[in-house]
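S.K.: So that you have it, the file is entry.txt, and it contains compact mmCIF, C-alpha atoms:
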```
# COMPACT_ATOMS: atom_id res chain seq x y z
CA MET A 1 1.36 7.25 -12.12
CA ALA A 2 -0.87 4.15 -12.02
CA GLN A 3 -4.54 4.60 -12.85
CA LEU A 4 -7.55 2.69 -11.56
CA ALA A 5 -10.91 2.47 -13.34
CA ALA A 6 -14.27 2.28 -11.57
CA GLY A 7 -15.00 -1.23 -10.34
CA GLU A 8 -11.35 -2.35 -10.45
CA GLU A 9 -9.48 -3.77 -7.49
CA GLN A 10 -6.08 -2.31 -6.70
CA ARG A 11 -3.27 -4.64 -5.65
CA ILE A 12 -0.36 -3.13 -3.74
CA THR A 13 2.73 -5.23 -3.09
CA MET A 14 5.42 -4.33 -0.59
CA HIS A 15 8.93 -5.71 -1.05
CA VAL A 16 11.18 -5.70 2.02
CA TYR A 17 14.96 -6.07 1.73
CA ARG A 18 17.73 -5.72 4.29
CA ARG A 19 19.55 -2.47 3.61
CA SER A 20 23.03 -3.86 4.42
CA ASP A 21 23.10 -6.69 1.89
CA GLY A 22 19.89 -6.52 -0.18
CA GLN A 23 18.60 -9.87 1.07
CA PRO A 24 14.79 -10.28 1.29
CA LEU A 25 13.31 -10.13 4.78
CA TYR A 26 10.94 -12.96 5.71
CA LEU A 27 7.88 -12.64 7.98
CA VAL A 28 7.76 -8.82 8.09
CA GLU A 29 4.29 -7.32 8.47
CA GLY A 30 3.12 -3.90 7.37
CA VAL A 31 0.18 -1.51 7.44
CA LEU A 32 -1.19 0.31 4.40
CA THR A 33 -3.13 3.53 5.02
CA LEU A 34 -5.27 4.67 2.11
CA ASN A 35 -6.03 8.42 1.96
CA MET A 36 -8.82 9.46 -0.38
CA PRO A 37 -10.18 12.98 -0.96
CA ASP A 38 -13.24 13.74 1.22
CA HIS A 39 -13.17 10.27 2.82
CA PRO A 40 -11.77 8.99 6.11
CA SER A 41 -8.49 7.08 5.97
CA VAL A 42 -8.75 3.30 5.66
CA GLU A 43 -6.16 0.79 6.93
CA PHE A 44 -5.25 -2.59 5.46
CA HIS A 45 -2.80 -5.05 6.98
CA PHE A 46 -0.19 -6.93 4.97
CA LYS A 47 0.29 -10.59 5.81
CA PRO A 48 3.88 -11.48 6.77
CA THR A 49 6.26 -11.33 3.81
CA ASP A 50 7.14 -14.55 2.00
CA ARG A 51 10.68 -15.84 1.52
CA SER A 52 11.16 -13.41 -1.39
CA GLY A 53 10.35 -10.47 0.93
CA ALA A 54 6.97 -9.72 -0.68
CA SER A 55 3.40 -9.37 0.55
CA THR A 56 0.33 -8.07 -1.30
CA VAL A 57 -2.86 -6.33 -0.18
CA THR A 58 -5.91 -6.23 -2.45
CA ILE A 59 -8.04 -3.11 -2.09
CA PRO A 60 -11.67 -3.65 -3.10
CA PRO A 61 -13.21 -1.36 -5.75
CA LEU A 62 -13.38 2.23 -4.54
CA LYS A 63 -16.75 3.96 -4.33
CA GLY A 64 -17.89 7.55 -4.00
CA LEU A 65 -14.75 9.18 -5.42
CA ALA A 66 -14.77 11.89 -8.05
CA ALA A 67 -13.20 11.00 -11.38
CA MET A 68 -9.48 11.78 -11.60
CA SER A 69 -9.04 11.80 -7.81
CA VAL A 70 -5.50 11.23 -6.55
CA VAL A 71 -5.44 8.48 -3.94
CA GLU A 72 -2.38 8.50 -1.71
CA TYR A 73 -1.27 5.44 0.23
CA HIS A 74 1.27 5.11 3.00
CA VAL A 75 2.96 1.80 3.90
CA CYS A 76 4.75 1.36 7.23
CA LEU A 77 6.60 -1.76 8.31
CA ASN A 78 5.91 -3.31 11.69
CA LEU A 79 9.54 -3.35 12.83
CA PRO A 80 11.02 -2.37 16.19
CA GLY A 81 12.88 0.89 16.45
CA ASP A 82 12.45 4.51 15.64
CA PRO A 83 11.96 6.13 13.22
CA LYS A 84 9.41 3.91 11.51
CA VAL A 85 10.24 2.61 8.04
CA CYS A 86 7.54 3.98 5.71
CA ALA A 87 6.95 4.84 2.05
CA THR A 88 4.28 6.96 0.35
CA GLU A 89 2.94 6.54 -3.19
CA SER A 90 -0.25 7.39 -5.06
CA PHE A 91 -2.48 6.41 -7.94
CA ILE A 92 -5.27 8.10 -9.91
CA TYR A 93 -8.86 6.94 -9.66
CA ARG A 94 -10.17 7.50 -13.19
CA GLY A 95 -13.81 6.84 -12.34
CA GLU A 96 -16.30 5.75 -14.96
```
Would you write the structure of this file as structure tokens?
M.R.:
Amino acid sequence: MAQLAAGEEQRITMHVYRRSDGQPLYLVEGVLTLNMPDHPSVEFHFKPTDRSGASTVTIPPLKGLAAMSVVEYHVCLNLPGDPKVCATESFIYRGE
């Protein structure tokens, strides 16, 4: 699991590929929801993916978290249809 030290930015990149043939999807947007212990959820918006199917969000340094907190993040694509296409991952905030 990735670890983040106090004062570090976290960069999260989403890669979007068409399931049928593995080709990258261009101009797909997404939303990242950051869930931290004892804090309200925070949303970040991915810019549309580039021609390689990638887009990155930079999360500013986290504050007010206890050392060794697990931070979960949830990424959902802004695509039509149901169910939504989402993924969940996490990282550890090491603190100082």
S.K.: One number please: atom CA of Gly30 of chain A to atom CA of Ala5 of chain A, in Å, one decimal.
M.R.: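 If I compute the distance from atom CA of Gly30 of chain A to atom CA of Ala5 of chain A, I get 25.8 Å.
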S.K.: Closest to Cys76 of chain A among A:Leu32, A:Gln23, A:Thr13, A:Phe44, using only C-alpha atoms?
M.R.: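 Smallest separation from Cys76 of chain A among the options: A:Leu32.
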S.K.: With only C-alpha atoms as the counted atoms, please give the residues lying no more than 7 Å from Ile12 of chain A, apart from itself and same-chain residues fewer than 2 positions off, as a PDB file with C-alpha atoms, in the frame of the given file.
M.R.:
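around.pdb, written as the output of this step:
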```
ATOM      1  CA  GLN A  10      -6.080  -2.310  -6.700  1.00  0.00           C
ATOM      2  CA  MET A  14       5.420  -4.330  -0.590  1.00  0.00           C
ATOM      3  CA  THR A  56       0.330  -8.070  -1.300  1.00  0.00           C
ATOM      4  CA  VAL A  57      -2.860  -6.330  -0.180  1.00  0.00           C
ATOM      5  CA  THR A  58      -5.910  -6.230  -2.450  1.00  0.00           C
TER       6      THR A  58
END
```
S.K.: Just how far from atom CA of Pro61 of chain A is atom CA of Val75 of chain A, in Å to one decimal?
M.R.: 19.1 Å
S.K.: Pick from A:Glu9, A:Tyr73, A:Ile59, A:Ala54: nearest to Pro37 of chain A, with all atoms listed in the file counted?
M.R.: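 Once distances to Pro37 of chain A are computed over all atoms listed in the file, the minimum belongs to A:Tyr73.
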S.K.: Give me the residues near Leu79 of chain A as a ChimeraX atom specification, where near means some atom within 9 Å (using all atoms listed in the file) and where sequence neighbours in that chain fewer than 2 positions away do not count.
M.R.: /A:28-30,76-77,81-82,84-85
